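These notes are about the structure you will find just below.
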Amino acid sequence: MSNLIEVSGIVKAYGGIKALAGCALEVREGEINGLIGPNGSGKTTLFNVITGYEQVQQGLVKFRGVDITNAPPDRVFGLGIGRTFQLTRMFARLTVLENVLVATQREEGWARSVTRLAGSQLERARALELLDFVGITRLANEPAGNLSYGQRKLLELASLLIADPAVLLLDEPAGGVNPTLINHLSDRIKDLNRDGKTILVVEHNMEFVMGICSRITVLSQGSTLMAGAPAEVRSSPAVLEAYLGADEEEAALDAELRRELDAAAHANATRLASVQATVVREQGPDAGSPREPEAAGPGASVRTRPNGPPPLLQLSGVCAGYGGADILKEVTLEVPEGAITCVVGPNGAGKSTVMKTVSGLLRPRAGEVSFRGERVSGMTPKQILAKGIAQIPQAHSLFPEMTVQENVEMGAFTVGDRRLVRKRLAAVQELYPVVRDRAHEKAGSLSGGQQRLVEFARCLMLDPDLIMLDEPSMGLDPRTRSMVFDMVALMNRQGKTILLVEQNARAGLKLSSHGVVLENGRVRLTGSGHEVLTHPEIGALYLGGAVTATAA
Amino acid sequence: MTLDKQTSAAGDAPASPAAAAAPGAGGDRTQAAAAGPQPALRSPLRLGARGLILLALVVFPLVITDPTTTAIAFFALVFMVAATSWNMFSGYSGYLALGHAVFFGSGGYALALLCQQLGVGGGWPSFALLPLCGIVAALIAVPVGLIALRTRRHTFVVVTIAIFFIFQLVAYNVGFTGGTSGVFLPAPPFSGASFNTPFYYVAFAILVLSVTTSWLVRRSRFGLQLLAIRDDEDRALGLGVKTRRVKLSAFILSAFFVGMIGGLYFDFIGQVFPNTAYDPLFDLAVALMAFFGGLGTLTGPLLGAAVLESLQQYLTLSFSSSALYLIAYGVLFLVVILIMPRGVVPEISDLLARRRLKAIGASRAADKQLSGVAEVLR
């Protein structure tokens with residue numbers, strides 16, 4: 001089989017951060033290739049580079065042996081590479097049928113494209129056929145903006161297919177889509193492949209990826225970690241490492257733990273077919289597990305402890321989502337006072353959604369969030385903030401053009417008492433010298449780690465009881481990351497309860513007294529940080545397999 | 001909220017065709033077709049209404065001969081052309097251009113200078129030069145478009161305004177425009193009560209031409225590409241739409257008609273000054289008219305221009321001593337934008353579509369979906 005797309009040595013940097021650091025990719029004719037990797041490993045950036053949405057400084061992209069590096073998107077499409085977007089994009093005010101008709105001709109002279117009708121009889125028939133194929137024909141005359149999230153994904157696929165591209169690049173086709181539709185989608189993708197289409201798919205839903213792909217390429221931190229058959233990838237310790245996050249600092253101390261994880265991963269790979277075990281909220285001794293965690297025995301899980309103090313924050317049966325399907329499906333979890341609780345789980349599991357629901361940015365469809373026994377779901381974000389729940393969001397949230405001090409003072413925007421503000425400012429300056437030392441520099445000029453500390457400082461200006469941290473380590477190098485984690489531990493020692501969402505599961509759980517694993521919007525595991533980290537099923541949760549049987 | 005409603009329908013949508021491929025496909029097809037014929041059903045009525053309006057416009061200056069009224073009618077026609085042409089680019093592509101006075105004024109200067117240089121007389125001979133005015137405006141639109149269309153959204157708006165002021169400044173300062181003293185056009189050989197009539201008919205002819213073009217654009221592949229750019233330009237690019245060419249073509253087309261009608265307008269006025277040719281109020285007026293009637297629709301800009309321009313002319317004539325007319329004009333505009341934020345035509349056609357559905361006795365659930373049918377009907 002020949003290579004349809006060949007990518008090599010791609011370097012793409014934003015400022016000082018390398019999103020792609022020399023990654024390589026081969027897509028062979030007729031295959032379904034899955035592109036996976038942890039958050040921020042550069043999958044979408046690679047898509048953007050191949051399809052011409054982003055220009056690269058170095059590297060080579062070849063399609064059928066022709067160099068198409070940095071070719072504009074319309075040319076790439078014209079050559080026969082069609083793509084979908086992670087957040088589906090369509091023409092909201094055009095009808096579904098019109099959406100499909102936009103791309104009827106890949107290469108057409110300008111004069112002809114200007115003068116002819118929007119769709120010939122033949123093209124319309126073909127468009128309807130494609131809508132039939134994806135199953136949304138009855139919506140043909142509906143404005144695309146009225147479609148549900150899943151239907152938009154189907155429409156996006158149909159609107160590509162009309163131009164009959166040779167390769168389809170699908171960016172998270174199953175993201176945020178309900179299970180029925182996922183099956184429907186994977187059937188369609190298989191159909192297309194049978195009809196000769198080559199497909200490259202980025203996806204976080206591992207079951208989906210493992211189910212349809214003949215080969216998988218793993219990206220990690222902007223370079224290609226490995227490429228191989230699904231089983232090979234799933235059993236690779238290096239891949240699991242990439243997902244759970246390596247802890248370079250304590251690599252030596254960690255050897256035992258890692259061996260344990262590797263053993264678990266191997267065990268999973270071999271048991272996949274037979275294991276149907278439900279891991280939900282059960283911590284009983286597992287005969288199959290290679291070693292029993294030594295710190296906490298069975299029954300020590302937070303959820304089963306009968307006489308503990310009442311939790312600071314409690315979510316019970318929370319269902320929430322954005323417009324389309326629910327992201328959170330009856331999430332029940334507790335955050336004990338004075339502790340660090342870490343929520344981990346694969347991408348799209350609903351970790352950030354949990355935080356949004358607690359902070360009031362998202363209203364739960366069902367269930368209840370209570371804080372100190374008082375119902376807070378349904379309150380406005382401002383009211384919830386006043387109760388003492390503060391969130392530090394995932395994206396860099398400082399005002400880059402304002403000075404460090406102004407940024408920190410913004411945190412106390414709602415505090416009227418100037419004296420109190422000054423007192424707290426002095427306190428955070430004591431805690432984080434960077435806030436004092438670089439008080440009058442623009443926040444945008446600080447390094448990533450320093451910006452994190454300023455964000456912490458800003459949050460502390462409100463003196464909240466509960467701090468929610470969304471991926472504090474994102475985009476940081478290991479040393480800075482451990483510094484940031486130290487600061488989190490320090491905040492905790494000073495009496496703040498912390499709810500942490502972390503992509504780097506190992507580092508996050510190690511820091512935390514309590515761990516929660518979310519998968520597909522459901523709580524899969526709870527326990528002490530160590531228990532969760534050493535649980536034999538955690539590998540399966542990240543790389544798909546055993547646990548998914550309970551999803552439907 | 002609408003999305004929530006749709007989700008329930010969405011849940012079964014993908015599942016059913018997969019399960020029952022053959023029968024499901026056939027059923028879907030007929031359903032899709034059922035939504036189709038509705039426009040056809042109503043078309044005789046619409047056609048009749050349109051014919052009546054067209055007839056009324058044709059006989060108007062024959063029936064009503066009052067020069068004040070026919071002058072107002074002429075101005076209304078001029079702005080109907082301007083708003084329709086502006087909409088051909090800005091309405092369809094979503095790029096709000098606030099510098100179309102460049103083409104309007106350049107059309108005026110082009111006619112004045114051409115008449116001067118070629119020694120063409122006023123009236124019909126000067127009318128014959130109008131297509132040339134359009135071509136001059138279109139030629140000017142090429143570099144203007146190449147520069148302005150490098151930007152998007154707010155930046156584009158600002159760049160078009162800036163280019164507009166450059167033209168005004170140039171008109172004040174170069175020799176051939178006559179600077180502040182302006183250029184005069186040859187006096188037309190018309191007189192008396194029927195002075196306005198030829199101007200009216202020429203404006204009407206240009207209106208028919210521009211509306212037909214706008215309609216053709218809307219139906220063409222070109223128009224579909226423009227609308228795609230309006231909704232998501234990057235996605236359109238990724239689907240092979242040559243966005244730059246498409247945008248520039250629409251920009252030039254739009255400038256052509258505005259230049260042509262600009263020539264006629266200044267022919268009627270009789271003189272061109274930098275401040276009347278390149279008038280910032282023109283930039284705003286055409287945009288507001290299109291907004292008022294409904295951006296991106298065929299009939300919206302027509303309605304907006306007809307209502308707002310006649311009203312403004314009438315109020316100016318009646319209350320010119322006070323600034324009252326400006327207040328009344330502003331109030332009307334605000335009220336419409338508040339009640340019908342998408343413009344008169346889209347809101348009313350949605351309303352009618354919903355009414356009709358209820359009359360047919362359709363369910364409330366289907367009612368919501370009908371906003372889509374309204375879009376098709378338009």
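Each chain of the structure tokens is named A, B, ... in the order shown, its residues numbered from 1; ligands are numbered from 1 in display order.
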As a list of chain:residue names, please: the residues near segment 31-37 of chain A (cut-off 6 Å, only C-alpha atoms, same-chain neighbours under 2 positions excluded).
A:Arg28, A:Glu29, A:Ser41, A:Thr198, A:Ile199, A:Leu200, A:Val201, A:Val202, A:Cys213, A:Ser214, A:Arg215, A:Ile216, A:Thr217, A:Val218, A:Leu219, A:Ser220
Those of segment 100-300 of chain B in DSSP helix (DSSP H, G or I), formatted as a VMD selection string
chain B and resid 101 to 118 124 to 127 130 to 148 153 to 173 179 to 181 192 to 194 196 to 219 221 to 231 233 to 238 243 to 269 274 to 277 280 to 293 299 to 300
As an exercise, work out the distance from atom CA of Val158 of chain B to atom CA of Asp283 of chain B in Å and give it to one decimal place.
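These two atoms are separated by 12.2 Å.
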Pro280 of chain B surroundings by only C-alpha atoms, 9 Å radius, close-in-sequence under 5 positions cut, as a CSV table (one decimal) with C-alpha atoms, in the first residue's frame:
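Written file, result.csv:
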chain,number,residue,atom,x,y,z
B,98,LEU,CA,-19.4,51.6,5.1
B,99,GLY,CA,-17.7,53.3,2.2
B,101,ALA,CA,-20.3,56.5,-1.2
B,161,ILE,CA,-14.5,54.1,6.2
B,164,PHE,CA,-13.9,56.7,1.9
B,165,PHE,CA,-12.3,59.6,3.7
B,275,ASN,CA,-19.0,66.9,0.3
B,285,ALA,CA,-28.1,55.4,5.0
Using only C-alpha atoms, determine which residues lie at most 7 Å from Phe79 of chain B, disregarding the query and same-chain residues fewer than 4 positions distant; provide the list as a PyMOL selection string.
chain B and resi 75+83+305+309
Find the spatial neighbours of segment 423-431 of chain A, counting only C-alpha atoms, within a cut-off of 8 Å - ignore same-chain residues fewer than 2 positions away - and output them as a ChimeraX atom specification.
/A:408-409,419-421,433-436,457,460-461
Ala97 of chain B environment, 7 Å, only C-alpha atoms, sequence neighbours closer than 5 positions dropped, as an NGL selection string:
:B and (90 or 157 or 160)
Hey, which of B:Asp279, B:Asp66, B:Asp232, B:Asp350 ends up closest to chain A? Count only C-alpha atoms.
B:Asp232
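Pairwise distance (atom CA of Phe127 of chain B, atom CA of Gln312 of chain B) equals 26.4 Å.
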Spatial neighbours of Gly121 of chain B, 9 Å, only C-alpha atoms, chain gap at least 6 places, as JSON, numbers by chain
{"B": [115, 185, 186, 187, 188, 189]}
With N, CA and C atoms retained, export the selected residues as an mmCIF file, in the first residue's frame.
data_model
loop_
_atom_site.group_PDB
_atom_site.id
_atom_site.type_symbol
_atom_site.label_atom_id
_atom_site.label_comp_id
_atom_site.auth_asym_id
_atom_site.auth_seq_id
_atom_site.Cartn_x
_atom_site.Cartn_y
_atom_site.Cartn_z
ATOM 1 N N CYS B 115 -19.116 64.153 -19.469
ATOM 2 C CA CYS B 115 -19.939 65.101 -20.217
ATOM 3 C C CYS B 115 -19.119 66.330 -20.596
ATOM 4 N N LEU B 185 -22.977 69.623 -14.233
ATOM 5 C CA LEU B 185 -23.414 68.737 -15.304
ATOM 6 C C LEU B 185 -24.263 69.545 -16.278
ATOM 7 N N PRO B 186 -24.279 69.122 -17.540
ATOM 8 C CA PRO B 186 -25.083 69.859 -18.516
ATOM 9 C C PRO B 186 -26.558 69.798 -18.139
ATOM 10 N N ALA B 187 -27.245 70.896 -18.364
ATOM 11 C CA ALA B 187 -28.655 70.950 -17.997
ATOM 12 C C ALA B 187 -29.463 70.092 -18.953
ATOM 13 N N PRO B 188 -30.382 69.285 -18.434
ATOM 14 C CA PRO B 188 -31.216 68.458 -19.305
ATOM 15 C C PRO B 188 -32.252 69.314 -20.031
ATOM 16 N N PRO B 189 -32.638 68.899 -21.212
ATOM 17 C CA PRO B 189 -33.586 69.689 -21.987
ATOM 18 C C PRO B 189 -35.031 69.462 -21.561
#
If I take atom CA of Thr526 of chain A and atom CA of Asp463 of chain A, how far is one from the other in Å, to one decimal?
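Spanning atom CA of Thr526 of chain A to atom CA of Asp463 of chain A is a straight-line distance of 28.3 Å.
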